[in-house]
$ cat work-v2.cif   # mmCIF, C-alpha atoms and all ligand atoms
data_query
loop_
_atom_site.label_atom_id
_atom_site.label_comp_id
_atom_site.auth_asym_id
_atom_site.auth_seq_id
_atom_site.Cartn_x
_atom_site.Cartn_y
_atom_site.Cartn_z
CA MET O 23 0.00 0.00 0.00
CA THR O 24 1.39 3.43 -0.91
CA ASP O 25 2.78 5.56 1.92
CA ARG O 26 0.49 8.35 0.76
CA ILE O 27 -2.49 6.69 2.39
CA HIS O 28 -3.28 7.47 6.02
CA VAL O 29 -5.53 4.74 7.40
CA PHE O 30 -7.64 5.22 10.51
CA SER O 31 -9.83 2.81 12.44
CA ASP O 32 -12.99 4.72 11.61
CA ALA O 33 -14.47 7.54 9.55
CA GLN O 34 -14.08 10.00 12.41
CA GLY O 35 -10.35 9.37 12.56
CA ALA O 36 -9.98 9.83 8.82
CA ALA O 37 -12.01 13.04 8.97
CA GLU O 38 -9.85 14.42 11.81
CA GLY O 39 -6.64 13.49 9.99
CA CYS O 40 -7.76 15.13 6.78
CA ALA O 41 -9.04 18.23 8.59
CA ARG O 42 -5.71 18.71 10.35
CA ALA O 43 -3.70 18.27 7.16
CA ILE O 44 -5.89 20.79 5.33
CA ALA O 45 -5.64 23.27 8.22
CA ASP O 46 -1.84 22.94 8.26
CA ARG O 47 -1.57 23.66 4.53
CA LEU O 48 -3.98 26.62 4.76
CA ASN O 49 -2.02 28.10 7.68
CA GLU O 50 1.21 27.69 5.73
CA ALA O 51 -0.30 29.46 2.71
CA ILE O 52 -1.60 32.29 4.88
CA ALA O 53 1.83 32.67 6.52
CA LEU O 54 3.51 32.69 3.09
CA ARG O 55 1.11 34.75 0.96
CA GLY O 56 -1.36 36.26 3.40
CA THR O 57 -4.21 34.28 1.89
CA ALA O 58 -5.24 30.68 1.13
CA SER O 59 -7.60 29.01 -1.32
CA LEU O 60 -9.54 25.84 -0.54
CA ALA O 61 -11.82 23.81 -2.81
CA VAL O 62 -13.96 21.25 -0.99
CA SER O 63 -16.15 18.42 -2.18
CA GLY O 64 -19.74 17.72 -1.30
CA GLY O 65 -21.72 14.59 -0.68
CA SER O 66 -21.84 13.23 2.88
CA THR O 67 -18.29 12.17 3.79
CA PRO O 68 -16.90 15.70 4.26
CA LYS O 69 -19.45 16.59 6.99
CA LEU O 70 -17.33 15.06 9.76
CA MET O 71 -14.22 16.71 8.36
CA PHE O 72 -15.91 20.11 8.18
CA ARG O 73 -17.01 19.86 11.81
CA GLU O 74 -13.40 19.10 12.78
CA MET O 75 -12.09 22.02 10.72
CA VAL O 76 -14.36 24.45 12.56
CA GLU O 77 -12.52 23.58 15.80
CA LEU O 78 -9.00 24.18 14.44
CA GLY O 79 -8.85 27.95 14.85
CA LEU O 80 -8.39 28.80 11.17
CA ASP O 81 -8.35 32.49 10.24
CA TRP O 82 -11.29 32.33 7.82
CA SER O 83 -10.92 36.04 7.05
CA LYS O 84 -7.93 35.01 4.92
CA ILE O 85 -9.43 31.99 3.18
CA GLN O 86 -11.10 31.87 -0.25
CA LEU O 87 -13.59 28.98 -0.32
CA PHE O 88 -14.55 27.14 -3.50
CA TRP O 89 -16.23 23.85 -4.38
CA VAL O 90 -14.85 20.99 -6.44
CA ASP O 91 -18.33 20.44 -7.80
CA GLU O 92 -21.93 21.34 -7.18
CA ARG O 93 -25.34 20.06 -7.99
CA VAL O 94 -27.26 22.58 -10.10
CA VAL O 95 -29.97 23.22 -7.53
CA PRO O 96 -30.89 26.26 -5.41
CA PRO O 97 -28.56 26.91 -2.46
CA THR O 98 -31.38 26.01 -0.09
CA ASP O 99 -31.93 22.60 -1.66
CA ASP O 100 -30.99 19.59 0.48
CA GLN O 101 -28.92 18.35 -2.50
CA SER O 102 -26.79 21.51 -2.50
CA ASN O 103 -23.11 21.03 -1.58
CA TYR O 104 -23.03 24.70 -0.68
CA ARG O 105 -25.87 24.21 1.80
CA MET O 106 -24.16 21.19 3.36
CA THR O 107 -20.93 23.18 3.66
CA ARG O 108 -22.68 26.20 5.15
CA GLU O 109 -24.37 23.98 7.71
CA ASN O 110 -21.17 22.19 8.74
CA LEU O 111 -18.16 24.38 7.98
CA ILE O 112 -19.00 28.03 7.52
CA VAL O 113 -19.30 29.65 10.93
CA PRO O 114 -21.53 32.73 10.58
CA GLY O 115 -19.47 35.92 10.61
CA HIS O 116 -16.15 34.13 10.15
CA LEU O 117 -16.00 34.00 6.36
CA PRO O 118 -16.85 37.13 4.36
CA GLU O 119 -19.47 36.45 1.66
CA THR O 120 -17.03 37.84 -0.92
CA GLN O 121 -14.75 34.92 -0.13
CA VAL O 122 -17.41 32.26 -0.59
CA HIS O 123 -17.32 31.35 -4.26
CA ARG O 124 -20.32 29.09 -4.67
CA VAL O 125 -21.64 27.74 -7.93
CA ARG O 126 -24.88 29.60 -8.65
CA GLY O 127 -26.96 26.43 -8.67
CA GLU O 128 -30.15 28.42 -9.12
CA MET O 129 -28.98 29.38 -12.63
CA GLU O 130 -29.00 27.38 -15.86
CA ALA O 131 -26.08 24.91 -15.68
CA VAL O 132 -23.91 26.12 -18.57
CA ALA O 133 -24.26 29.75 -17.48
CA ALA O 134 -23.50 28.76 -13.88
CA ALA O 135 -20.36 26.95 -15.01
CA ALA O 136 -19.17 29.95 -17.03
CA LEU O 137 -19.77 32.31 -14.12
CA TYR O 138 -18.01 29.96 -11.71
CA GLN O 139 -15.00 29.71 -13.99
CA SER O 140 -14.82 33.50 -14.23
CA GLU O 141 -14.91 33.75 -10.43
CA ILE O 142 -12.07 31.26 -10.12
CA GLU O 143 -10.01 33.08 -12.73
CA ALA O 144 -10.68 36.45 -11.08
CA ALA O 145 -9.53 35.10 -7.73
CA LEU O 146 -6.66 32.83 -8.81
CA GLY O 147 -5.72 33.84 -12.35
CA PRO O 148 -6.03 32.03 -15.68
CA GLU O 149 -3.95 29.07 -14.48
CA PRO O 150 -5.56 28.56 -11.06
CA ARG O 151 -3.65 26.67 -8.39
CA PHE O 152 -5.72 26.08 -5.27
CA ASP O 153 -3.66 25.74 -2.11
CA VAL O 154 -5.82 22.77 -1.13
CA VAL O 155 -8.29 20.65 -3.07
CA GLN O 156 -10.22 17.98 -1.18
CA CYS O 157 -11.85 15.26 -3.25
CA GLY O 158 -14.05 12.31 -2.41
CA VAL O 159 -14.66 9.08 -4.31
CA GLY O 160 -18.00 7.68 -5.32
CA ASP O 161 -18.71 3.94 -5.12
CA ASP O 162 -18.60 3.89 -8.94
CA GLY O 163 -15.13 5.44 -9.01
CA HIS O 164 -16.21 8.99 -9.82
CA THR O 165 -14.62 12.00 -8.21
CA ALA O 166 -15.79 15.58 -8.32
CA SER O 167 -18.60 15.25 -10.84
CA LEU O 168 -16.34 13.35 -13.25
CA PHE O 169 -18.20 10.13 -13.86
CA PRO O 170 -17.09 6.92 -15.61
CA GLY O 171 -17.29 7.13 -19.38
CA GLU O 172 -17.54 10.94 -19.53
CA PRO O 173 -15.04 12.23 -22.13
CA MET O 174 -14.31 15.27 -19.92
CA VAL O 175 -12.48 12.89 -17.58
CA ALA O 176 -9.65 12.95 -20.16
CA ASP O 177 -9.72 16.76 -20.50
CA ARG O 178 -6.45 18.30 -19.29
CA ILE O 179 -7.07 21.79 -20.69
CA GLY O 180 -10.41 23.10 -19.40
CA LEU O 181 -11.14 24.45 -15.94
CA VAL O 182 -14.87 24.05 -15.31
CA ALA O 183 -17.71 22.24 -17.07
CA ALA O 184 -21.43 21.64 -16.77
CA LEU O 185 -22.78 18.17 -17.43
CA TRP O 186 -26.01 16.21 -17.22
CA VAL O 187 -25.49 13.19 -14.97
CA ALA O 188 -28.17 10.75 -16.10
CA LYS O 189 -27.59 8.31 -13.23
CA LYS O 190 -28.22 11.13 -10.75
CA ASN O 191 -30.94 12.74 -12.89
CA GLN O 192 -29.16 15.98 -12.21
CA TRP O 193 -27.14 18.74 -13.82
CA ARG O 194 -23.77 19.25 -12.23
CA VAL O 195 -21.00 21.85 -12.43
CA THR O 196 -17.54 20.46 -11.83
CA LEU O 197 -13.88 21.36 -11.82
CA LEU O 198 -12.16 19.54 -14.64
CA PRO O 199 -8.99 17.52 -13.95
CA LYS O 200 -6.52 20.33 -14.68
CA PRO O 201 -7.26 22.61 -11.69
CA ILE O 202 -7.72 19.60 -9.42
CA LEU O 203 -4.32 18.14 -10.36
CA ALA O 204 -2.67 21.59 -10.18
CA ALA O 205 -3.51 21.90 -6.47
CA ARG O 206 -0.56 22.65 -4.21
CA SER O 207 -2.00 19.95 -1.92
CA LEU O 208 -4.52 17.39 -3.16
CA TYR O 209 -6.30 15.34 -0.52
CA VAL O 210 -8.80 12.51 -0.86
CA LEU O 211 -11.12 11.62 2.01
CA SER O 212 -12.87 8.27 1.73
CA SER O 213 -14.61 6.01 4.20
CA GLY O 214 -16.94 3.05 4.33
CA ALA O 215 -16.84 -0.53 3.03
CA ASP O 216 -19.08 0.53 0.15
CA LYS O 217 -16.11 2.48 -1.25
CA ALA O 218 -13.57 -0.37 -0.97
CA VAL O 219 -13.86 -1.55 -4.59
CA ALA O 220 -13.76 2.02 -5.91
CA VAL O 221 -10.71 2.85 -3.79
CA GLN O 222 -8.89 -0.27 -4.96
CA SER O 223 -9.75 0.53 -8.60
CA ALA O 224 -8.61 4.12 -8.16
CA LEU O 225 -5.28 3.25 -6.56
CA GLN O 226 -4.34 -0.17 -7.85
CA GLY O 227 -6.71 -1.09 -10.64
CA PRO O 228 -5.62 -1.42 -14.28
CA ASP O 229 -5.39 1.98 -15.98
CA ASN O 230 -8.83 2.91 -17.28
CA PRO O 231 -9.26 6.66 -16.67
CA LEU O 232 -12.58 6.88 -18.51
CA GLY O 233 -13.89 4.00 -16.44
CA VAL O 234 -12.39 5.07 -13.11
CA PRO O 235 -12.08 8.88 -13.05
CA SER O 236 -10.65 8.80 -9.50
CA GLN O 237 -7.55 7.10 -10.92
CA MET O 238 -6.35 10.65 -11.57
CA LEU O 239 -6.03 10.95 -7.77
CA ARG O 240 -3.33 8.26 -7.55
CA ASP O 241 -0.66 10.76 -6.49
CA ALA O 242 -2.90 12.53 -3.98
CA GLU O 243 -2.64 12.11 -0.23
CA TRP O 244 -5.46 9.85 0.98
CA PHE O 245 -7.20 9.77 4.32
CA SER O 246 -9.34 6.70 4.77
CA ASP O 247 -10.83 4.36 7.30
CA ALA O 248 -9.79 0.70 7.30
CA ALA O 249 -13.08 -0.40 5.72
CA ALA O 250 -12.52 1.61 2.56
CA VAL O 251 -8.97 0.31 1.97
CA GLN O 252 -9.66 -3.33 2.81
CA HIS O 253 -9.06 -4.48 -0.78
CA LEU O 254 -5.70 -2.74 -1.21
CA ALA O 255 -2.67 -5.01 -1.52
C1 LIG W 301 -20.74 15.26 -4.87
C2 LIG W 301 -19.28 15.12 -4.55
C3 LIG W 301 -18.79 13.79 -5.03
C4 LIG W 301 -18.48 13.04 -3.77
C5 LIG W 301 -18.61 11.56 -3.98
C6 LIG W 301 -18.58 10.84 -2.62
O1 LIG W 301 -21.19 16.37 -5.21
O2 LIG W 301 -21.45 14.25 -4.68
O3 LIG W 301 -18.50 16.14 -4.77
O4 LIG W 301 -17.70 13.77 -5.87
O5 LIG W 301 -17.17 13.37 -3.31
O6 LIG W 301 -19.85 11.32 -4.62
O7 LIG W 301 -19.76 11.24 -1.95
P1 LIG W 301 -20.07 10.74 -0.45
O8 LIG W 301 -19.08 11.45 0.39
O9 LIG W 301 -21.49 11.21 -0.21
O10 LIG W 301 -19.91 9.26 -0.46
#
$ encode --input "work-v2.cif" --output "structure tokens"
Amino acid sequence: MTDRIHVFSDAQGAAEGCARAIADRLNEAIALRGTASLAVSGGSTPKLMFREMVELGLDWSKIQLFWVDERVVPPTDDQSNYRMTRENLIVPGHLPETQVHRVRGEMEAVAAAALYQSEIEAALGPEPRFDVVQCGVGDDGHTASLFPGEPMVADRIGLVAALWVAKKNQWRVTLLPKPILAARSLYVLSSGADKAVAVQSALQGPDNPLGVPSQMLRDAEWFSDAAAVQHLA
């Protein structure tokens, strides 16, 4: 098993480990450049990590917050990654609204993607390098909203895209691989036995990027519970 995987007995341990690593990198960026940029994923796994991050004394006034992907739904929708993040990470009054760069899920998807890309470029330049990107892995091997078989999984030029995800019956806006892989620190948080096959495929499976988008995370630093890495050699 690669030394870039930190294995914990349970999901809480993995969440704490990932939260601390992210906080350390953000503090280093703030010390170096006076500001830090963080792109987080949605879904359910990050909730525990977000709750840990709130306790780590980060100076949110110096952090620019982005999302790796978003469901194209209103920000009040229970499917919204922004809503989940607001409920678990964003402490009211700590993070100025101008530093919360959410995907405008209430808009039409392609327009929302274009606006989001322009916000990223305005904040980080035309070749954006986030200080930290945190990804998850779906049980089908997707990451961000890059799903198996989607040609955009092979895109190494674009920054942001909108796509219809038939299996989720949902429009999504997602970072494309380039800005994810350009991160100064790229972390993957995974937990649960239901992810074990996907994690094994991502890290040790035969190369099949269109079939296992999370294979692009092979050089990332992983934080996982034992259940999710049980199939790794
Ligand atoms: C999303 C996420 C997605 C997520 C995986 C894992 O919008 O759903 O960004 O890429 O990381 O689907 O989701 P869970 O953490 O809910 O298993």
$ closest_residue --input "work-v2.cif" --among "O:Gln139, O:Gln101, O:Thr165, O:Ser31" --to "ligand LIG 301 (chain W)" --atoms "all atoms listed in the file"
O:Thr165
$ closest_residue --input "work-v2.cif" --among "O:Leu181, O:Ala166, O:Ala220, O:Ala250" --to "ligand LIG 301 (chain W)" --atoms "all atoms listed in the file"
O:Ala166
$ residues_around --input "work-v2.cif" --residues "stretch 33-40 of chain O" --least-positions-apart "3" --cutoff "7 Å" --atoms "all atoms listed in the file" --output "MDAnalysis selection string"
chainID O and resid 29:30 43:44 70:71 74 211 213 245:247
$ write_last_selection --input "work-v2.cif" --atoms "C-alpha atoms" --output "compact mmCIF listing (two decimals), in the frame of the given file"
# COMPACT_ATOMS: atom_id res chain seq x y z
CA VAL O 29 -5.53 4.74 7.40
CA PHE O 30 -7.64 5.22 10.51
CA ALA O 43 -3.70 18.27 7.16
CA ILE O 44 -5.89 20.79 5.33
CA LEU O 70 -17.33 15.06 9.76
CA MET O 71 -14.22 16.71 8.36
CA GLU O 74 -13.40 19.10 12.78
CA LEU O 211 -11.12 11.62 2.01
CA SER O 213 -14.61 6.01 4.20
CA PHE O 245 -7.20 9.77 4.32
CA SER O 246 -9.34 6.70 4.77
CA ASP O 247 -10.83 4.36 7.30
$ closest_residue --input "work-v2.cif" --among "O:Leu254, O:Tyr209, O:Pro114, O:Arg124" --to "O:Ala45" --atoms "only C-alpha atoms"
O:Tyr209
$ closest_residue --input "work-v2.cif" --among "O:Ile179, O:Asp81, O:Ser207, O:Val195" --to "O:Ala133" --atoms "only C-alpha atoms"
O:Val195
$ closest_residue --input "work-v2.cif" --among "O:Lys190, O:Arg108, O:Arg240, O:Arg26" --to "ligand LIG 301 (chain W)" --atoms "only C-alpha atoms and all ligand atoms"
O:Lys190
$ atom_distance --input "work-v2.cif" --atom1 "atom O9 of ligand LIG 301 (chain W)" --atom2 "atom CA of O:Gly64"
6.8 Å
$ atom_distance --input "work-v2.cif" --atom1 "atom CA of O:Ala248" --atom2 "atom CA of O:Ser167"
24.9 Å
$ closest_atom_pairs --input "work-v2.cif" --of "chain O" --to "ligand LIG 301 (chain W)" --cutoff "7 Å" --atoms "all atoms listed in the file" --output "JSON lines"
{"residue": "O:Ser63", "atom": "CA", "partner": "W:LIG301", "partner_atom": "O3", "distance": 4.2}
{"residue": "O:Gly64", "atom": "CA", "partner": "W:LIG301", "partner_atom": "O3", "distance": 4.0}
{"residue": "O:Gly65", "atom": "CA", "partner": "W:LIG301", "partner_atom": "O9", "distance": 3.4}
{"residue": "O:Ser66", "atom": "CA", "partner": "W:LIG301", "partner_atom": "O9", "distance": 3.7}
{"residue": "O:Thr67", "atom": "CA", "partner": "W:LIG301", "partner_atom": "O8", "distance": 3.6}
{"residue": "O:Pro68", "atom": "CA", "partner": "W:LIG301", "partner_atom": "O8", "distance": 6.1}
{"residue": "O:Val90", "atom": "CA", "partner": "W:LIG301", "partner_atom": "O3", "distance": 6.3}
{"residue": "O:Asp91", "atom": "CA", "partner": "W:LIG301", "partner_atom": "O3", "distance": 5.3}
{"residue": "O:Glu92", "atom": "CA", "partner": "W:LIG301", "partner_atom": "O1", "distance": 5.4}
{"residue": "O:Arg93", "atom": "CA", "partner": "W:LIG301", "partner_atom": "O1", "distance": 6.2}
{"residue": "O:Asn103", "atom": "CA", "partner": "W:LIG301", "partner_atom": "O1", "distance": 6.2}
{"residue": "O:Cys157", "atom": "CA", "partner": "W:LIG301", "partner_atom": "O5", "distance": 5.6}
{"residue": "O:Gly158", "atom": "CA", "partner": "W:LIG301", "partner_atom": "O5", "distance": 3.4}
{"residue": "O:Val159", "atom": "CA", "partner": "W:LIG301", "partner_atom": "C6", "distance": 4.6}
{"residue": "O:Gly160", "atom": "CA", "partner": "W:LIG301", "partner_atom": "O6", "distance": 4.1}
{"residue": "O:His164", "atom": "CA", "partner": "W:LIG301", "partner_atom": "O4", "distance": 6.4}
{"residue": "O:Thr165", "atom": "CA", "partner": "W:LIG301", "partner_atom": "O4", "distance": 4.3}
{"residue": "O:Ala166", "atom": "CA", "partner": "W:LIG301", "partner_atom": "O4", "distance": 3.6}
{"residue": "O:Ser167", "atom": "CA", "partner": "W:LIG301", "partner_atom": "O4", "distance": 5.3}
$ write_last_selection --input "work-v2.cif" --atoms "C-alpha atoms" --output "PDB file, in the frame of the given file"
ATOM      1  CA  SER O  63     -16.150  18.420  -2.180  1.00  0.00           C
ATOM      2  CA  GLY O  64     -19.740  17.720  -1.300  1.00  0.00           C
ATOM      3  CA  GLY O  65     -21.720  14.590  -0.680  1.00  0.00           C
ATOM      4  CA  SER O  66     -21.840  13.230   2.880  1.00  0.00           C
ATOM      5  CA  THR O  67     -18.290  12.170   3.790  1.00  0.00           C
ATOM      6  CA  PRO O  68     -16.900  15.700   4.260  1.00  0.00           C
ATOM      7  CA  VAL O  90     -14.850  20.990  -6.440  1.00  0.00           C
ATOM      8  CA  ASP O  91     -18.330  20.440  -7.800  1.00  0.00           C
ATOM      9  CA  GLU O  92     -21.930  21.340  -7.180  1.00  0.00           C
ATOM     10  CA  ARG O  93     -25.340  20.060  -7.990  1.00  0.00           C
ATOM     11  CA  ASN O 103     -23.110  21.030  -1.580  1.00  0.00           C
ATOM     12  CA  CYS O 157     -11.850  15.260  -3.250  1.00  0.00           C
ATOM     13  CA  GLY O 158     -14.050  12.310  -2.410  1.00  0.00           C
ATOM     14  CA  VAL O 159     -14.660   9.080  -4.310  1.00  0.00           C
ATOM     15  CA  GLY O 160     -18.000   7.680  -5.320  1.00  0.00           C
ATOM     16  CA  HIS O 164     -16.210   8.990  -9.820  1.00  0.00           C
ATOM     17  CA  THR O 165     -14.620  12.000  -8.210  1.00  0.00           C
ATOM     18  CA  ALA O 166     -15.790  15.580  -8.320  1.00  0.00           C
ATOM     19  CA  SER O 167     -18.600  15.250 -10.840  1.00  0.00           C
TER      20      SER O 167
END
$ decode --input "work-v2.cif" --residues "stretch 207-218 of chain O" --atoms "all heavy atoms" --output "tab-separated table (two decimals), in the first residue's frame"
chain	number	residue	atom	x	y	z
O	207	SER	N	-1.80	21.18	-2.71
O	207	SER	CA	-2.00	19.95	-1.92
O	207	SER	C	-3.34	19.36	-2.31
O	207	SER	O	-4.36	20.05	-2.27
O	207	SER	CB	-2.00	20.27	-0.43
O	207	SER	OG	-0.73	20.75	-0.02
O	208	LEU	N	-3.31	18.09	-2.72
O	208	LEU	CA	-4.52	17.39	-3.16
O	208	LEU	C	-4.79	16.25	-2.19
O	208	LEU	O	-3.96	15.36	-2.01
O	208	LEU	CB	-4.33	16.86	-4.58
O	208	LEU	CG	-5.47	16.06	-5.19
O	208	LEU	CD1	-6.79	16.81	-5.21
O	208	LEU	CD2	-5.09	15.64	-6.62
O	209	TYR	N	-5.93	16.33	-1.53
O	209	TYR	CA	-6.30	15.34	-0.52
O	209	TYR	C	-7.56	14.62	-0.94
O	209	TYR	O	-8.46	15.20	-1.53
O	209	TYR	CB	-6.55	16.02	0.84
O	209	TYR	CG	-5.31	16.64	1.45
O	209	TYR	CD1	-5.28	17.98	1.79
O	209	TYR	CD2	-4.18	15.88	1.67
O	209	TYR	CE1	-4.14	18.55	2.34
O	209	TYR	CE2	-3.04	16.44	2.23
O	209	TYR	CZ	-3.03	17.77	2.56
O	209	TYR	OH	-1.90	18.33	3.10
O	210	VAL	N	-7.60	13.32	-0.62
O	210	VAL	CA	-8.80	12.51	-0.86
O	210	VAL	C	-9.26	11.94	0.49
O	210	VAL	O	-8.46	11.37	1.23
O	210	VAL	CB	-8.54	11.35	-1.83
O	210	VAL	CG1	-9.83	10.58	-2.11
O	210	VAL	CG2	-7.95	11.87	-3.14
O	211	LEU	N	-10.52	12.16	0.79
O	211	LEU	CA	-11.12	11.62	2.01
O	211	LEU	C	-12.15	10.57	1.59
O	211	LEU	O	-13.06	10.87	0.81
O	211	LEU	CB	-11.80	12.72	2.82
O	211	LEU	CG	-12.55	12.28	4.07
O	211	LEU	CD1	-11.61	11.64	5.09
O	211	LEU	CD2	-13.30	13.47	4.69
O	212	SER	N	-11.90	9.31	2.07
O	212	SER	CA	-12.87	8.27	1.73
O	212	SER	C	-13.12	7.41	2.96
O	212	SER	O	-12.23	7.24	3.80
O	212	SER	CB	-12.33	7.39	0.59
O	212	SER	OG	-11.13	6.76	0.99
O	213	SER	N	-14.31	6.89	3.07
O	213	SER	CA	-14.61	6.01	4.20
O	213	SER	C	-15.81	5.14	3.86
O	213	SER	O	-16.63	5.49	3.02
O	213	SER	CB	-14.90	6.83	5.47
O	213	SER	OG	-16.05	7.64	5.27
O	214	GLY	N	-15.81	3.96	4.50
O	214	GLY	CA	-16.94	3.05	4.33
O	214	GLY	C	-16.60	1.89	3.42
O	214	GLY	O	-15.94	2.05	2.39
O	215	ALA	N	-17.09	0.71	3.80
O	215	ALA	CA	-16.84	-0.53	3.03
O	215	ALA	C	-17.42	-0.42	1.63
O	215	ALA	O	-16.92	-1.03	0.68
O	215	ALA	CB	-17.42	-1.72	3.78
O	216	ASP	N	-18.45	0.40	1.47
O	216	ASP	CA	-19.08	0.53	0.15
O	216	ASP	C	-18.14	1.20	-0.86
O	216	ASP	O	-18.38	1.17	-2.06
O	216	ASP	CB	-20.41	1.31	0.24
O	216	ASP	CG	-20.21	2.73	0.76
O	216	ASP	OD1	-19.40	2.90	1.70
O	216	ASP	OD2	-20.83	3.66	0.23
O	217	LYS	N	-17.06	1.82	-0.34
O	217	LYS	CA	-16.11	2.48	-1.25
O	217	LYS	C	-14.89	1.59	-1.54
O	217	LYS	O	-14.02	1.96	-2.33
O	217	LYS	CB	-15.62	3.79	-0.61
O	217	LYS	CG	-16.72	4.78	-0.28
O	217	LYS	CD	-17.38	5.29	-1.54
O	217	LYS	CE	-18.53	6.22	-1.23
O	217	LYS	NZ	-18.10	7.52	-0.67
O	218	ALA	N	-14.80	0.44	-0.90
O	218	ALA	CA	-13.57	-0.37	-0.97
O	218	ALA	C	-13.20	-0.75	-2.40
O	218	ALA	O	-12.03	-0.65	-2.80
O	218	ALA	CB	-13.71	-1.61	-0.10
